[in-house]
Amino acid sequence: MSCQLKKATRWDPNKYLNIWIAASIEGLGYAYLPTPSTLPSPDEDGVVILTEAFGGPNSGASAPFNLGRTVTHEVGHFLGLDHIWGDGCQVDDGITDTPISQKKIMSAQLTLVRPVAIREICL
């Protein structure tokens, strides 16, 4: 999504979380992570979501991305949450209550009734 379009259409980011819906972007959506010392620039502020990423019947999204969770995922990034997986247990999301993971774990794999150890979690 172009910076010009975001500038022309954004609401005051001190009062609102701007979310843009786009018919054509690379991926399902994106948001820029803040760092401990800086926020994304005004051109990077907000969340951009692909139209199909909202899920639902006839959305055009493929499973497991057809459940409408992309906005939740990208808003997490906007708020500073990074992925827990990374470079073979060497990358941390900076949040103490989430374990480091060796690889991406899709929510469909986490149909657990009670917490148990998952071998992909780095201990």
# chains A, B, ... in the order shown; residues from 1 in each chain; ligands from 1

call {"tool": "residues_around", "arguments": {"residues": "segment 17-29 of chain A", "least_positions_apart": "5", "cutoff": "7 Å", "atoms": "only C-alpha atoms", "output": "PyMOL selection string"}}
result
chain A and resi 1+10-11+46-51+53+70+74

call {"tool": "write_last_selection", "arguments": {"atoms": "N, CA and C atoms", "output": "PDB file, in the first residue's frame"}}
result
ATOM      1  N   MET A   1       0.852  -1.173   0.000  1.00  0.00           N
ATOM      2  CA  MET A   1       0.000   0.000   0.000  1.00  0.00           C
ATOM      3  C   MET A   1       0.893   1.230   0.000  1.00  0.00           C
ATOM      4  N   ARG A  10      -5.378   8.300   6.656  1.00  0.00           N
ATOM      5  CA  ARG A  10      -5.255   7.895   8.062  1.00  0.00           C
ATOM      6  C   ARG A  10      -5.927   8.886   9.001  1.00  0.00           C
ATOM      7  N   TRP A  11      -6.429   8.334  10.082  1.00  0.00           N
ATOM      8  CA  TRP A  11      -6.964   9.146  11.158  1.00  0.00           C
ATOM      9  C   TRP A  11      -5.857   9.360  12.171  1.00  0.00           C
ATOM     10  N   GLY A  46       0.081   1.762  11.574  1.00  0.00           N
ATOM     11  CA  GLY A  46      -1.158   1.069  11.258  1.00  0.00           C
ATOM     12  C   GLY A  46      -0.940  -0.338  10.743  1.00  0.00           C
ATOM     13  N   VAL A  47      -2.033  -0.937  10.304  1.00  0.00           N
ATOM     14  CA  VAL A  47      -2.066  -2.323   9.848  1.00  0.00           C
ATOM     15  C   VAL A  47      -2.695  -2.362   8.461  1.00  0.00           C
ATOM     16  N   VAL A  48      -2.130  -3.187   7.582  1.00  0.00           N
ATOM     17  CA  VAL A  48      -2.682  -3.379   6.242  1.00  0.00           C
ATOM     18  C   VAL A  48      -3.059  -4.844   6.105  1.00  0.00           C
ATOM     19  N   ILE A  49      -4.284  -5.122   5.661  1.00  0.00           N
ATOM     20  CA  ILE A  49      -4.806  -6.483   5.565  1.00  0.00           C
ATOM     21  C   ILE A  49      -5.348  -6.727   4.161  1.00  0.00           C
ATOM     22  N   LEU A  50      -5.027  -7.893   3.623  1.00  0.00           N
ATOM     23  CA  LEU A  50      -5.570  -8.331   2.336  1.00  0.00           C
ATOM     24  C   LEU A  50      -7.052  -8.639   2.497  1.00  0.00           C
ATOM     25  N   THR A  51      -7.862  -8.244   1.548  1.00  0.00           N
ATOM     26  CA  THR A  51      -9.308  -8.448   1.618  1.00  0.00           C
ATOM     27  C   THR A  51      -9.660  -9.892   1.947  1.00  0.00           C
ATOM     28  N   ALA A  53      -8.091 -12.054   3.551  1.00  0.00           N
ATOM     29  CA  ALA A  53      -7.588 -12.515   4.842  1.00  0.00           C
ATOM     30  C   ALA A  53      -8.626 -12.437   5.948  1.00  0.00           C
ATOM     31  N   THR A  70      -6.040 -12.967  10.652  1.00  0.00           N
ATOM     32  CA  THR A  70      -4.905 -12.150  10.210  1.00  0.00           C
ATOM     33  C   THR A  70      -4.887 -10.789  10.894  1.00  0.00           C
ATOM     34  N   GLU A  74      -1.698  -9.381  12.964  1.00  0.00           N
ATOM     35  CA  GLU A  74      -0.994  -8.161  12.590  1.00  0.00           C
ATOM     36  C   GLU A  74      -1.127  -7.066  13.648  1.00  0.00           C
TER      37      GLU A  74
END

call {"tool": "select_by_dssp", "arguments": {"residues": "segment 7-101 of chain A", "states": "strand (DSSP E or B)", "output": "JSON, numbers by chain"}}
result
{"A": [19, 20, 21, 22, 29, 30, 31, 47, 48, 49, 50, 85, 101]}

call {"tool": "residues_around", "arguments": {"residues": "Pro57 of chain A", "least_positions_apart": "5", "cutoff": "12 Å", "atoms": "only C-alpha atoms", "output": "JSON, numbers by chain"}}
result
{"A": [52, 62, 63, 66, 67, 68]}

call {"tool": "residues_around", "arguments": {"residues": "His73 of chain A", "least_positions_apart": "4", "cutoff": "10 Å", "atoms": "only C-alpha atoms", "output": "ChimeraX atom specification"}}
result
/A:29-31,68-69,77-78,81-83

call {"tool": "write_last_selection", "arguments": {"atoms": "N, CA and C atoms", "output": "PDB file, in the first residue's frame"}}
result
ATOM      1  N   GLY A  29      -1.120  -9.724   5.150  1.00  0.00           N
ATOM      2  CA  GLY A  29      -1.195  -8.450   5.838  1.00  0.00           C
ATOM      3  C   GLY A  29       0.151  -8.109   6.419  1.00  0.00           C
ATOM      4  N   TYR A  30       0.261  -6.893   6.942  1.00  0.00           N
ATOM      5  CA  TYR A  30       1.511  -6.511   7.588  1.00  0.00           C
ATOM      6  C   TYR A  30       1.296  -5.336   8.532  1.00  0.00           C
ATOM      7  N   ALA A  31       2.207  -5.250   9.479  1.00  0.00           N
ATOM      8  CA  ALA A  31       2.311  -4.120  10.392  1.00  0.00           C
ATOM      9  C   ALA A  31       3.780  -4.028  10.781  1.00  0.00           C
ATOM     10  N   GLY A  68     -10.030 -15.810   9.406  1.00  0.00           N
ATOM     11  CA  GLY A  68     -10.182 -14.414   9.792  1.00  0.00           C
ATOM     12  C   GLY A  68      -9.306 -13.975  10.946  1.00  0.00           C
ATOM     13  N   ARG A  69      -8.154 -14.610  11.137  1.00  0.00           N
ATOM     14  CA  ARG A  69      -7.291 -14.259  12.266  1.00  0.00           C
ATOM     15  C   ARG A  69      -6.124 -13.356  11.886  1.00  0.00           C
ATOM     16  N   HIS A  77       1.571  -7.582  16.060  1.00  0.00           N
ATOM     17  CA  HIS A  77       2.833  -6.974  15.611  1.00  0.00           C
ATOM     18  C   HIS A  77       2.819  -5.464  15.846  1.00  0.00           C
ATOM     19  N   PHE A  78       1.725  -4.821  15.523  1.00  0.00           N
ATOM     20  CA  PHE A  78       1.585  -3.378  15.725  1.00  0.00           C
ATOM     21  C   PHE A  78       1.840  -3.013  17.192  1.00  0.00           C
ATOM     22  N   LEU A  81       4.423  -7.328  19.505  1.00  0.00           N
ATOM     23  CA  LEU A  81       4.625  -8.764  19.665  1.00  0.00           C
ATOM     24  C   LEU A  81       5.259  -9.342  18.410  1.00  0.00           C
ATOM     25  N   ASP A  82       6.357 -10.037  18.579  1.00  0.00           N
ATOM     26  CA  ASP A  82       7.038 -10.673  17.457  1.00  0.00           C
ATOM     27  C   ASP A  82       6.700 -12.161  17.469  1.00  0.00           C
ATOM     28  N   HIS A  83       7.110 -12.872  16.425  1.00  0.00           N
ATOM     29  CA  HIS A  83       6.911 -14.319  16.383  1.00  0.00           C
ATOM     30  C   HIS A  83       7.809 -14.986  17.428  1.00  0.00           C
TER      31      HIS A  83
END

call {"tool": "residues_around", "arguments": {"residues": "segment 35-37 of chain A", "least_positions_apart": "2", "cutoff": "8 Å", "atoms": "only C-alpha atoms", "output": "MDAnalysis selection string"}}
result
chainID A and resid 33 39 80

call {"tool": "write_last_selection", "arguments": {"atoms": "N, CA and C atoms", "output": "JSON list (two decimals), in the first residue's frame"}}
result
[["chain", "number", "residue", "atom", "x", "y", "z"],
["A", 33, "LEU", "N", 6.76, -3.45, 13.45],
["A", 33, "LEU", "CA", 7.01, -3.58, 14.88],
["A", 33, "LEU", "C", 7.65, -2.32, 15.44],
["A", 39, "LEU", "N", 8.90, 4.30, 17.72],
["A", 39, "LEU", "CA", 7.68, 3.81, 17.08],
["A", 39, "LEU", "C", 7.89, 3.85, 15.57],
["A", 80, "GLY", "N", 3.77, -4.64, 19.19],
["A", 80, "GLY", "CA", 5.12, -4.99, 19.60],
["A", 80, "GLY", "C", 5.38, -6.46, 19.81]]

call {"tool": "atom_distance", "arguments": {"atom1": "atom CA of Val75 of chain A", "atom2": "atom CA of Gly60 of chain A"}}
result
21.9 Å

call {"tool": "atom_distance", "arguments": {"atom1": "atom CA of Thr72 of chain A", "atom2": "atom CA of Lys7 of chain A"}}
result
23.0 Å

call {"tool": "closest_residue", "arguments": {"among": "A:Pro64, A:Glu44, A:Asn58, A:Thr96", "to": "Gln4 of chain A", "atoms": "only C-alpha atoms"}}
result
A:Glu44

call {"tool": "atom_distance", "arguments": {"atom1": "atom CA of Ile84 of chain A", "atom2": "atom CA of Gly56 of chain A"}}
result
27.0 Å
